[in-house]
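This report refers to the structure that appears directly beneath it.
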Amino acid sequence: MTLDQTQFRPASSHPAHSTVADTMDAAGPQVWEDMTVEVALSVMAAARTGHLVVCDEDGMCTGLVTRDRLTAVRDGSGYTDRIRLRDIADVIGPFASPLVTRAEAERAMRCRRLGAPPVVDGHGNALGVVALSR
């Protein structure tokens, strides 16, 4: 018995027809929504990322926070060390589906002025993050 090598090709060579699943970035660190701003900034620095996917106690994606958002909250006049991610996470829903075309996702992101919504499966699990192409 011999093993054959299988080559995977994108569903379409045209970027407008590719799906979000074909082009999304890794979800990156996923953190609990009861995490504090300071801890989240530490996790972000250690992971060298600009965003964190925020999940509820069941592991379902509830939003996304960026370094800019966390820094603005921390530097704000109303900041206390009791502020949790659930209090500030940008709830973006509905989240992007991995089956939506890249062009449709980018159009929706521009219309709604979204930065980088999480891509979630049918169960609410974060699969990745889609960002606008430059």
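Here, A, B, ... name the chains of the structure tokens in the order displayed, residue numbers run from 1 inside each chain, and ligands are numbered from 1 in the same displayed order.
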
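Non-sequential neighbours of Val119 in chain A (distance at most 7 Å, separation of 5 or more positions within a chain, only C-alpha atoms) are Phe95, Ala96, Ser97, Pro98, Ala126, Leu127, Gly128, Val129 and Val130 of chain A.
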
Any chance you could export the current selection's N, CA, C and O atoms as a PDB file, in the first residue's frame?
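And here is the file that came out, selection35.pdb:
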```pdb
ATOM      1  N   PHE A  95     -21.626  37.583  13.694  1.00  0.00           N
ATOM      2  CA  PHE A  95     -20.249  37.344  13.317  1.00  0.00           C
ATOM      3  C   PHE A  95     -20.185  36.821  11.887  1.00  0.00           C
ATOM      4  O   PHE A  95     -21.187  36.404  11.326  1.00  0.00           O
ATOM      5  N   ALA A  96     -18.992  36.844  11.330  1.00  0.00           N
ATOM      6  CA  ALA A  96     -18.819  36.362   9.966  1.00  0.00           C
ATOM      7  C   ALA A  96     -18.917  34.838   9.915  1.00  0.00           C
ATOM      8  O   ALA A  96     -18.444  34.150  10.805  1.00  0.00           O
ATOM      9  N   SER A  97     -19.536  34.354   8.868  1.00  0.00           N
ATOM     10  CA  SER A  97     -19.628  32.916   8.623  1.00  0.00           C
ATOM     11  C   SER A  97     -18.452  32.503   7.748  1.00  0.00           C
ATOM     12  O   SER A  97     -18.056  33.251   6.845  1.00  0.00           O
ATOM     13  N   PRO A  98     -17.891  31.318   7.960  1.00  0.00           N
ATOM     14  CA  PRO A  98     -16.782  30.878   7.112  1.00  0.00           C
ATOM     15  C   PRO A  98     -17.204  30.638   5.668  1.00  0.00           C
ATOM     16  O   PRO A  98     -16.355  30.554   4.781  1.00  0.00           O
ATOM     17  N   ALA A 126     -15.102  30.307  17.826  1.00  0.00           N
ATOM     18  CA  ALA A 126     -14.277  31.164  16.983  1.00  0.00           C
ATOM     19  C   ALA A 126     -13.326  30.320  16.139  1.00  0.00           C
ATOM     20  O   ALA A 126     -12.610  29.466  16.656  1.00  0.00           O
ATOM     21  N   LEU A 127     -13.338  30.559  14.831  1.00  0.00           N
ATOM     22  CA  LEU A 127     -12.467  29.847  13.906  1.00  0.00           C
ATOM     23  C   LEU A 127     -11.306  30.719  13.434  1.00  0.00           C
ATOM     24  O   LEU A 127     -10.257  30.211  13.056  1.00  0.00           O
ATOM     25  N   GLY A 128     -11.526  32.019  13.415  1.00  0.00           N
ATOM     26  CA  GLY A 128     -10.514  32.948  12.910  1.00  0.00           C
ATOM     27  C   GLY A 128     -11.038  34.362  12.990  1.00  0.00           C
ATOM     28  O   GLY A 128     -12.058  34.641  13.609  1.00  0.00           O
ATOM     29  N   VAL A 129     -10.317  35.257  12.322  1.00  0.00           N
ATOM     30  CA  VAL A 129     -10.678  36.660  12.278  1.00  0.00           C
ATOM     31  C   VAL A 129     -10.503  37.114  10.838  1.00  0.00           C
ATOM     32  O   VAL A 129      -9.510  36.787  10.198  1.00  0.00           O
ATOM     33  N   VAL A 130     -11.464  37.867  10.344  1.00  0.00           N
ATOM     34  CA  VAL A 130     -11.356  38.398   8.987  1.00  0.00           C
ATOM     35  C   VAL A 130     -11.084  39.891   9.085  1.00  0.00           C
ATOM     36  O   VAL A 130     -11.687  40.593   9.885  1.00  0.00           O
TER      37      VAL A 130
END
```

Practice problem: Determine, counting only C-alpha atoms, which protein, DNA and RNA residues have an atom within 8 Å of an atom of Thr66 in chain A; residues of the same chain fewer than 6 positions away are not included. Present the result as a ChimeraX atom specification. | Solution: /A:50-52

Practice problem: Using DSSP on the backbone, list every residue of range 28-134 of chain A that comes out as strand (DSSP E or B), and give them as number ranges by chain. | Solution: A: 30-32, 36, 51-55, 61-66, 84, 90, 96, 101, 118-120, 126-129

Exercise. Please provide the set of residues having any atom within 6 Å of Val54 in chain A, restricted to only C-alpha atoms, with same-chain residues fewer than 3 positions apart removed, written as a ChimeraX atom specification.
Key: /A:30-33,61-64

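Take the candidates A:Arg82, A:Asp34, A:Ala40, A:Met60 and check each one against Val120 in chain A using only C-alpha atoms; the shortest distance goes to A:Met60.
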